[in-house]
Each structure stands twice: as C-alpha cells, then as structure tokens.
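**Q** Once you've had a glance at the structure underneath, I'll fire off some questions.
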Amino acid sequence: MKKKLFSIFAIAILLVSLALPAMAEETEYFVYLIDSDYGVSDEEVDRMDAAAKEISDRYNCGVYIAVFDDMADYDCYDIEEFSEMVYTNWELGYGSESTGVALVMSMSERDYDIVAYGNGAHYAFTDYGKEVVADRFLDNFRNDDWAGGFADYITACGELLEAAENGTPVDVSMEEAEPLMLADKLLTGLGVGIVLGVIVALIYCSILKAQMKTAVAATQAHAYIPRGGIVMTRETDHYTYSTESRVAINRDDDNDHGGGTTVNSDGFSHSSGKF
C-alpha cells in the first residue's frame, strides 16, 4: 500500500526506537500513525490526515493516532504508561506547552488509551469528555471497522475542542456528578410532608371529635387522676431519627484546567480500556 513519505518515515523510526523523535518540520503539529495491515486505504489515510491537521491548527491542540501491534515489544505492559512514553519520546503536542490529545492503541491486547497533555487539552478533554470520545469509536473497533473508528475519533475531538473554545467544555454537571445531600433531600420533601401531615391530622381530629360528642369537660384536675395516683412501672427511650448535615469542601487544584479532569503528577490525563 502506498503511504505518505512522512508516515513511512515515522513508523520506521518508531519500530527502531521510541526514544527518537519523529517530528518532521512540515508536520510539527500533527502525526498520524497507522499500520497498513488494518485495511485503511491511502485515500482514507489522507482524508483523516487532513482533517486531524485542520483541527489541530484551528484549536492549537494536536490531534494524534498511534497504532501498535503489541506494546510488549517495547517492554511496556500498561497502556497508560505506554501512551505517555509515546507522547513524550515522540515530542507530540502543539506549541510551547505541547498541548494535544492522542489515541494510542495496542492491537495484540486490544488496549486503547486517550491521553491528553497541556492545560488547553485538559480543559477540553475532561474525564467525562474522553468517555464521550471513546463511545464514538468503540462500536467501530469492536467490529474491526478501523477507518470508521479513526474518523469518528477525529470528529469527536473536533467537537469537544469547539465546545471548549465556546466556554462550555463537555463535562458532567455538578447535579449529575454529586449525590444529593441529606439536607437537600429533606428540603425537597419538606413541603410534601407538611401538606400530608396537615391532612392526616385534620382527618384524625375529625374522627376523635365525632366520637366525643357526649363528653363533658371536667372542672377539677383530680378528675383526670386515677385512684392511688400514677405509678411509673417502666421507663423506655425510643430512638426516632437523627439528622446529618454536610458541607461541600472545594479542593484547590494547582492545574489550571476545567473541573472534571484528573491530571497525574507527570501532567497527563487518561481514559483507557479495551476495544
């Protein structure tokens, strides 16, 4: 299969050593790697190459795909560690902060990882956002539709970057992310509880009133005390309920990115799994 000169060069260098950077000057902000054994045509590669480069340049965030037969060939057995090694050793990323997102795949283990680096990428590709991207390509990959999956990944990356540029990164809202606090639950049901309580009390009092039409109020207090007085034979305490109050604690984060993105000590964020 005929391939672009850069793609051939990049794959050849990678197979020799991941320690060597494979960035050609004319493709400084974009690398697309795919093994020709997976049935992706030259036309599809060129089309996805152009789409990813256009997105990378528009949003100043590199969009990459790196496919490997087996990460174990590089003495690596954890897909997230492997993707960080690829991103670092290949000097991926856009601009001085090396901002970018990459889909790294190990075909033998059917492992994938969406790895992001740089504040701009962390802002756009939140933990939830990466799951949204994965949902777009996993159905294709599970049916061995590699071209369709790669195209869906690139499209989804563009959509998340656009949302972030508009100030609304794809993320789980606080209402969905946080469980409802006890105080919130009590306040929610307070109105209903009061109304039901009043109705029940009115019905009960009406029944008692109907049964006591012949009763006459006593004028002396002793009328209410039985002969011999009141004798307390047993005392018991009944536990009825307890209340709990919770206060939300805001955690300071040194990383200048949107909430909902977990960034490790090396500055990477991940979402990995099987396809």
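The chains in the structure tokens are called A, B, ... from first to last as shown; in each chain the residues are counted from 1, and the ligands are counted from 1 in the order shown.
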Would you list the contacts of Ala51 of chain A as a PyMOL selection string, taking every protein, DNA or RNA residue within 10 Å and counting only C-alpha atoms, but skipping same-chain residues closer than 2 positions in sequence?
**A** chain A and resi 45-49+53-56+63+151+154-155+158
**Q** Any idea what the distance is between atom CA of Ala102 of chain A and atom CA of Gly167 of chain A?
**A**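 For atom CA of Ala102 of chain A relative to atom CA of Gly167 of chain A, the distance reads 22.1 Å.
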**Q** With distances taken over only C-alpha atoms, which of A:Ala164, A:Met85, A:Asp139, A:Ala147 is nearest to Asp42 of chain A?
**A**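 When distances to Asp42 of chain A are compared using only C-alpha atoms, the smallest one comes from A:Ala147.
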**Q** Measure the distance from atom CA of Leu103 of chain A to atom CA of Asp144 of chain A in Å and round it to one decimal.
**A**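 Atom CA of Asp144 of chain A lies 16.1 Å from atom CA of Leu103 of chain A.
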